[in-house]
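So this block is final_2.pdb, PDB, C-alpha atoms, pLDDT in the B column:
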```
ATOM      1  CA  MET A  20      -5.329   0.239 -16.684  1.00 67.00           C
ATOM      2  CA  ARG A  21      -5.767  -2.608 -14.206  1.00 73.00           C
ATOM      3  CA  THR A  22      -6.412  -1.670 -10.593  1.00 77.00           C
ATOM      4  CA  PHE A  23      -6.098  -3.724  -7.432  1.00 87.00           C
ATOM      5  CA  GLY A  24      -8.775  -4.277  -4.833  1.00 90.00           C
ATOM      6  CA  ASP A  25      -7.886  -3.628  -1.204  1.00 90.00           C
ATOM      7  CA  GLN A  26      -7.438  -7.297  -0.282  1.00 90.00           C
ATOM      8  CA  GLU A  27      -5.435  -8.046  -3.414  1.00 92.00           C
ATOM      9  CA  LEU A  28      -3.056  -5.155  -2.691  1.00 93.00           C
ATOM     10  CA  ARG A  29      -2.657  -6.319   0.916  1.00 93.00           C
ATOM     11  CA  ASP A  30      -1.869  -9.845  -0.243  1.00 92.00           C
ATOM     12  CA  LEU A  31       0.674  -8.606  -2.791  1.00 92.00           C
ATOM     13  CA  LEU A  32       2.486  -6.396  -0.308  1.00 94.00           C
ATOM     14  CA  PHE A  33       2.180  -8.463   2.874  1.00 93.00           C
ATOM     15  CA  GLY A  34       1.173 -12.024   2.026  1.00 91.00           C
ATOM     16  CA  GLY A  35      -1.520 -12.320   4.696  1.00 78.00           C
ATOM     17  CA  ASP A  36       0.094 -10.423   7.598  1.00 85.00           C
ATOM     18  CA  ALA A  37      -2.529 -10.780  10.329  1.00 79.00           C
ATOM     19  CA  GLY A  38      -1.267  -7.747  12.297  1.00 90.00           C
ATOM     20  CA  LEU A  39      -1.715  -5.310   9.428  1.00 92.00           C
ATOM     21  CA  ASP A  40      -5.207  -4.236  10.564  1.00 91.00           C
ATOM     22  CA  LYS A  41      -3.702  -2.844  13.767  1.00 93.00           C
ATOM     23  CA  ARG A  42      -1.124  -0.799  11.850  1.00 94.00           C
ATOM     24  CA  CYS A  43      -3.456   0.269   9.002  1.00 94.00           C
ATOM     25  CA  PRO A  44      -6.997   0.327  10.422  1.00 93.00           C
ATOM     26  CA  THR A  45      -9.771  -0.771   8.069  1.00 89.00           C
ATOM     27  CA  ASP A  46     -11.779   2.398   8.786  1.00 94.00           C
ATOM     28  CA  LEU A  47      -9.216   4.663   7.072  1.00 94.00           C
ATOM     29  CA  ALA A  48     -10.266   6.330   3.820  1.00 95.00           C
ATOM     30  CA  ALA A  49      -9.132   4.327   0.771  1.00 92.00           C
ATOM     31  CA  HIS A  50      -6.253   6.661  -0.149  1.00 93.00           C
ATOM     32  CA  GLU A  51      -4.996   6.859   3.429  1.00 96.00           C
ATOM     33  CA  LYS A  52      -5.168   3.081   3.767  1.00 95.00           C
ATOM     34  CA  THR A  53      -3.163   2.640   0.565  1.00 95.00           C
ATOM     35  CA  ARG A  54      -0.596   5.175   1.807  1.00 96.00           C
ATOM     36  CA  CYS A  55      -0.395   3.288   5.104  1.00 97.00           C
ATOM     37  CA  TYR A  56       0.199  -0.012   3.287  1.00 96.00           C
ATOM     38  CA  PHE A  57       3.185   1.387   1.406  1.00 97.00           C
ATOM     39  CA  GLN A  58       4.556   3.134   4.508  1.00 97.00           C
ATOM     40  CA  GLU A  59       4.372  -0.154   6.396  1.00 96.00           C
ATOM     41  CA  ARG A  60       5.834  -2.172   3.532  1.00 96.00           C
ATOM     42  CA  TYR A  61       8.799   0.193   3.232  1.00 97.00           C
ATOM     43  CA  LYS A  62       9.091   1.064   6.922  1.00 96.00           C
ATOM     44  CA  GLY A  63      12.403   2.772   7.564  1.00 96.00           C
ATOM     45  CA  ASP A  64      12.734   4.004   3.971  1.00 97.00           C
ATOM     46  CA  PRO A  65      10.260   6.866   3.441  1.00 96.00           C
ATOM     47  CA  LEU A  66      11.679   7.721   0.008  1.00 97.00           C
ATOM     48  CA  ALA A  67      10.993   4.177  -1.212  1.00 97.00           C
ATOM     49  CA  ALA A  68       7.496   4.314   0.294  1.00 97.00           C
ATOM     50  CA  ASP A  69       6.731   7.578  -1.515  1.00 97.00           C
ATOM     51  CA  LEU A  70       8.083   6.238  -4.802  1.00 97.00           C
ATOM     52  CA  ALA A  71       6.106   2.998  -4.494  1.00 97.00           C
ATOM     53  CA  LEU A  72       2.917   4.945  -3.723  1.00 96.00           C
ATOM     54  CA  GLU A  73       3.505   7.220  -6.714  1.00 96.00           C
ATOM     55  CA  LEU A  74       4.016   4.215  -9.013  1.00 95.00           C
ATOM     56  CA  TYR A  75       0.798   2.711  -7.696  1.00 95.00           C
ATOM     57  CA  GLU A  76      -1.254   5.896  -8.031  1.00 93.00           C
ATOM     58  CA  LYS A  77       0.027   6.871 -11.487  1.00 93.00           C
ATOM     59  CA  TRP A  78       0.540   3.507 -13.178  1.00 93.00           C
ATOM     60  CA  ALA A  79      -1.187   0.879 -10.976  1.00 91.00           C
ATOM     61  CA  ILE A  80       2.174  -0.775 -10.337  1.00 92.00           C
ATOM     62  CA  ALA A  81       2.269  -2.452  -6.927  1.00 92.00           C
ATOM     63  CA  ALA A  82       5.985  -2.474  -6.126  1.00 89.00           C
ATOM     64  CA  GLY A  83       6.472  -4.736  -3.185  1.00 79.00           C
TER      65      GLY A  83
END
```
The structure given in the file should be rewritten as structure tokens.
Amino acid sequence: MRTFGDQELRDLLFGGDAGLDKRCPTDLAAHEKTRCYFQERYKGDPLAADLALELYEKWAIAAG
């Protein structure tokens, strides 16, 4: 199964959003950072964020 590196996942979900480091600090543990990315990407829709994170963790699908 193909996996994404941190920067690749950021680019897929946010397309170079410069303010993302303030919302998802780089010193977070890898899993927490990934969770933060999906929470930010689907802000306002926690069910979608949880589903997207589950797809990513189980199947390496980056739904963005």
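Across the structure, atom CA of Asp40 of chain A and atom CA of Thr22 of chain A are spaced 21.3 Å apart.
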For a quick check of understanding, using all atoms listed in the file, which of A:Ala81, A:Phe57, A:Pro44, A:Leu74 has the smallest distance to Leu31 of chain A? A:Ala81
Just say which residues the PyMOL selection byres ((chain A and resi 72) around 12) picks in this file, as a PyMOL selection string. chain A and resi 28+32+50-61+65-71+73-83
Restrict the selected residues to C-alpha atoms and save them as a compact mmCIF listing (two decimals), keeping the file's coordinate frame.
```
# COMPACT_ATOMS: atom_id res chain seq x y z
CA LEU A 28 -3.06 -5.16 -2.69
CA LEU A 32 2.49 -6.40 -0.31
CA HIS A 50 -6.25 6.66 -0.15
CA GLU A 51 -5.00 6.86 3.43
CA LYS A 52 -5.17 3.08 3.77
CA THR A 53 -3.16 2.64 0.56
CA ARG A 54 -0.60 5.18 1.81
CA CYS A 55 -0.40 3.29 5.10
CA TYR A 56 0.20 -0.01 3.29
CA PHE A 57 3.18 1.39 1.41
CA GLN A 58 4.56 3.13 4.51
CA GLU A 59 4.37 -0.15 6.40
CA ARG A 60 5.83 -2.17 3.53
CA TYR A 61 8.80 0.19 3.23
CA PRO A 65 10.26 6.87 3.44
CA LEU A 66 11.68 7.72 0.01
CA ALA A 67 10.99 4.18 -1.21
CA ALA A 68 7.50 4.31 0.29
CA ASP A 69 6.73 7.58 -1.52
CA LEU A 70 8.08 6.24 -4.80
CA ALA A 71 6.11 3.00 -4.49
CA GLU A 73 3.50 7.22 -6.71
CA LEU A 74 4.02 4.22 -9.01
CA TYR A 75 0.80 2.71 -7.70
CA GLU A 76 -1.25 5.90 -8.03
CA LYS A 77 0.03 6.87 -11.49
CA TRP A 78 0.54 3.51 -13.18
CA ALA A 79 -1.19 0.88 -10.98
CA ILE A 80 2.17 -0.78 -10.34
CA ALA A 81 2.27 -2.45 -6.93
CA ALA A 82 5.98 -2.47 -6.13
CA GLY A 83 6.47 -4.74 -3.18
```
Counting only C-alpha atoms, note down every residue that has an atom within 8 Å of the point (-8.2, -12.8, 2.7) (file coordinates), as a count of residues only. 3
Using all atoms of segment 62-69 of chain A listed in the file and a margin of 5 Å per side, can you give the axis-aligned box centre and edge lengths in Å to one decimal, as JSON?
```
{"center_x": 9.7, "center_y": 4.4, "center_z": 3.0, "size_x": 16.0, "size_y": 16.7, "size_z": 19.1}
```
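The two atoms in question, atom CA of Ala49 of chain A and atom CA of Glu27 of chain A, are spaced 13.6 Å apart.
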Save N, CA, C and O atoms of segment 36-68 of chain A from the block above as an mmCIF file, in the first residue's frame.
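Output (out_28.cif):
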```cif
data_model
loop_
_atom_site.group_PDB
_atom_site.id
_atom_site.type_symbol
_atom_site.label_atom_id
_atom_site.label_comp_id
_atom_site.auth_asym_id
_atom_site.auth_seq_id
_atom_site.Cartn_x
_atom_site.Cartn_y
_atom_site.Cartn_z
ATOM 1 N N ASP A 36 -0.945 25.923 1.803
ATOM 2 C CA ASP A 36 -1.472 26.887 2.764
ATOM 3 C C ASP A 36 -0.380 27.261 3.767
ATOM 4 O O ASP A 36 0.000 26.457 4.611
ATOM 5 N N ALA A 37 0.097 28.488 3.685
ATOM 6 C CA ALA A 37 1.207 28.931 4.529
ATOM 7 C C ALA A 37 0.838 29.014 6.008
ATOM 8 O O ALA A 37 1.706 28.906 6.866
ATOM 9 N N GLY A 38 -0.428 29.181 6.348
ATOM 10 C CA GLY A 38 -0.839 29.317 7.743
ATOM 11 C C GLY A 38 -1.077 27.992 8.449
ATOM 12 O O GLY A 38 -1.407 27.981 9.632
ATOM 13 N N LEU A 39 -0.895 26.890 7.748
ATOM 14 C CA LEU A 39 -1.194 25.589 8.332
ATOM 15 C C LEU A 39 -0.301 25.271 9.531
ATOM 16 O O LEU A 39 -0.758 24.654 10.492
ATOM 17 N N ASP A 40 0.945 25.701 9.518
ATOM 18 C CA ASP A 40 1.858 25.416 10.634
ATOM 19 C C ASP A 40 1.365 26.016 11.946
ATOM 20 O O ASP A 40 1.659 25.494 13.014
ATOM 21 N N LYS A 41 0.631 27.111 11.882
ATOM 22 C CA LYS A 41 0.090 27.710 13.099
ATOM 23 C C LYS A 41 -1.076 26.891 13.636
ATOM 24 O O LYS A 41 -1.279 26.805 14.838
ATOM 25 N N ARG A 42 -1.847 26.295 12.740
ATOM 26 C CA ARG A 42 -3.020 25.512 13.152
ATOM 27 C C ARG A 42 -2.658 24.069 13.485
ATOM 28 O O ARG A 42 -3.323 23.438 14.310
ATOM 29 N N CYS A 43 -1.647 23.527 12.836
ATOM 30 C CA CYS A 43 -1.173 22.155 13.080
ATOM 31 C C CYS A 43 0.342 22.223 13.265
ATOM 32 O O CYS A 43 1.105 22.037 12.308
ATOM 33 N N PRO A 44 0.801 22.519 14.473
ATOM 34 C CA PRO A 44 2.230 22.718 14.712
ATOM 35 C C PRO A 44 3.085 21.524 14.259
ATOM 36 O O PRO A 44 2.673 20.369 14.378
ATOM 37 N N THR A 45 4.249 21.818 13.762
ATOM 38 C CA THR A 45 5.146 20.781 13.235
ATOM 39 C C THR A 45 5.695 19.881 14.331
ATOM 40 O O THR A 45 6.186 18.798 14.036
ATOM 41 N N ASP A 46 5.611 20.301 15.598
ATOM 42 C CA ASP A 46 6.156 19.468 16.677
ATOM 43 C C ASP A 46 5.149 18.439 17.213
ATOM 44 O O ASP A 46 5.463 17.693 18.136
ATOM 45 N N LEU A 47 3.955 18.370 16.629
ATOM 46 C CA LEU A 47 3.001 17.331 17.020
ATOM 47 C C LEU A 47 3.525 15.962 16.604
ATOM 48 O O LEU A 47 4.243 15.839 15.615
ATOM 49 N N ALA A 48 3.119 14.926 17.331
ATOM 50 C CA ALA A 48 3.438 13.555 16.922
ATOM 51 C C ALA A 48 2.768 13.305 15.571
ATOM 52 O O ALA A 48 1.763 13.924 15.232
ATOM 53 N N ALA A 49 3.325 12.396 14.787
ATOM 54 C CA ALA A 49 2.865 12.154 13.414
ATOM 55 C C ALA A 49 1.361 11.894 13.344
ATOM 56 O O ALA A 49 0.660 12.480 12.511
ATOM 57 N N HIS A 50 0.835 11.022 14.206
ATOM 58 C CA HIS A 50 -0.593 10.712 14.156
ATOM 59 C C HIS A 50 -1.433 11.929 14.503
ATOM 60 O O HIS A 50 -2.468 12.188 13.866
ATOM 61 N N GLU A 51 -1.017 12.686 15.499
ATOM 62 C CA GLU A 51 -1.765 13.876 15.901
ATOM 63 C C GLU A 51 -1.729 14.942 14.803
ATOM 64 O O GLU A 51 -2.707 15.662 14.587
ATOM 65 N N LYS A 52 -0.598 15.054 14.124
ATOM 66 C CA LYS A 52 -0.487 16.009 13.032
ATOM 67 C C LYS A 52 -1.421 15.617 11.888
ATOM 68 O O LYS A 52 -2.128 16.452 11.326
ATOM 69 N N THR A 53 -1.456 14.330 11.566
ATOM 70 C CA THR A 53 -2.352 13.852 10.514
ATOM 71 C C THR A 53 -3.803 14.110 10.889
ATOM 72 O O THR A 53 -4.595 14.576 10.080
ATOM 73 N N ARG A 54 -4.158 13.823 12.146
ATOM 74 C CA ARG A 54 -5.518 14.097 12.630
ATOM 75 C C ARG A 54 -5.827 15.589 12.498
ATOM 76 O O ARG A 54 -6.904 15.972 12.042
ATOM 77 N N CYS A 55 -4.894 16.423 12.871
ATOM 78 C CA CYS A 55 -5.077 17.872 12.773
ATOM 79 C C CYS A 55 -5.307 18.294 11.324
ATOM 80 O O CYS A 55 -6.178 19.118 11.040
ATOM 81 N N TYR A 56 -4.549 17.734 10.397
ATOM 82 C CA TYR A 56 -4.724 18.068 8.981
ATOM 83 C C TYR A 56 -6.150 17.803 8.531
ATOM 84 O O TYR A 56 -6.782 18.635 7.884
ATOM 85 N N PHE A 57 -6.680 16.624 8.866
ATOM 86 C CA PHE A 57 -8.033 16.293 8.430
ATOM 87 C C PHE A 57 -9.077 17.127 9.163
ATOM 88 O O PHE A 57 -10.084 17.522 8.572
ATOM 89 N N GLN A 58 -8.845 17.438 10.432
ATOM 90 C CA GLN A 58 -9.779 18.302 11.162
ATOM 91 C C GLN A 58 -9.809 19.702 10.551
ATOM 92 O O GLN A 58 -10.876 20.311 10.446
ATOM 93 N N GLU A 59 -8.655 20.193 10.152
ATOM 94 C CA GLU A 59 -8.595 21.508 9.511
ATOM 95 C C GLU A 59 -9.221 21.481 8.120
ATOM 96 O O GLU A 59 -9.920 22.405 7.736
ATOM 97 N N ARG A 60 -8.949 20.439 7.372
ATOM 98 C CA ARG A 60 -9.472 20.329 6.011
ATOM 99 C C ARG A 60 -10.991 20.258 6.017
ATOM 100 O O ARG A 60 -11.659 20.805 5.150
ATOM 101 N N TYR A 61 -11.560 19.584 7.001
ATOM 102 C CA TYR A 61 -13.006 19.414 7.084
ATOM 103 C C TYR A 61 -13.580 20.182 8.274
ATOM 104 O O TYR A 61 -14.535 19.734 8.905
ATOM 105 N N LYS A 62 -13.000 21.331 8.549
ATOM 106 C CA LYS A 62 -13.449 22.171 9.666
ATOM 107 C C LYS A 62 -14.953 22.432 9.534
ATOM 108 O O LYS A 62 -15.441 22.748 8.460
ATOM 109 N N GLY A 63 -15.666 22.242 10.630
ATOM 110 C CA GLY A 63 -17.100 22.443 10.615
ATOM 111 C C GLY A 63 -17.887 21.174 10.317
ATOM 112 O O GLY A 63 -19.105 21.162 10.416
ATOM 113 N N ASP A 64 -17.199 20.108 9.939
ATOM 114 C CA ASP A 64 -17.864 18.834 9.655
ATOM 115 C C ASP A 64 -17.047 17.704 10.275
ATOM 116 O O ASP A 64 -16.304 17.000 9.598
ATOM 117 N N PRO A 65 -17.172 17.523 11.608
ATOM 118 C CA PRO A 65 -16.350 16.532 12.302
ATOM 119 C C PRO A 65 -16.573 15.097 11.820
ATOM 120 O O PRO A 65 -15.647 14.296 11.825
ATOM 121 N N LEU A 66 -17.780 14.778 11.374
ATOM 122 C CA LEU A 66 -18.040 13.434 10.860
ATOM 123 C C LEU A 66 -17.224 13.183 9.587
ATOM 124 O O LEU A 66 -16.609 12.124 9.428
ATOM 125 N N ALA A 67 -17.178 14.163 8.703
ATOM 126 C CA ALA A 67 -16.377 14.037 7.485
ATOM 127 C C ALA A 67 -14.890 13.937 7.824
ATOM 128 O O ALA A 67 -14.159 13.163 7.201
ATOM 129 N N ALA A 68 -14.444 14.695 8.809
ATOM 130 C CA ALA A 68 -13.038 14.643 9.216
ATOM 131 C C ALA A 68 -12.683 13.259 9.745
ATOM 132 O O ALA A 68 -11.633 12.705 9.390
#
```
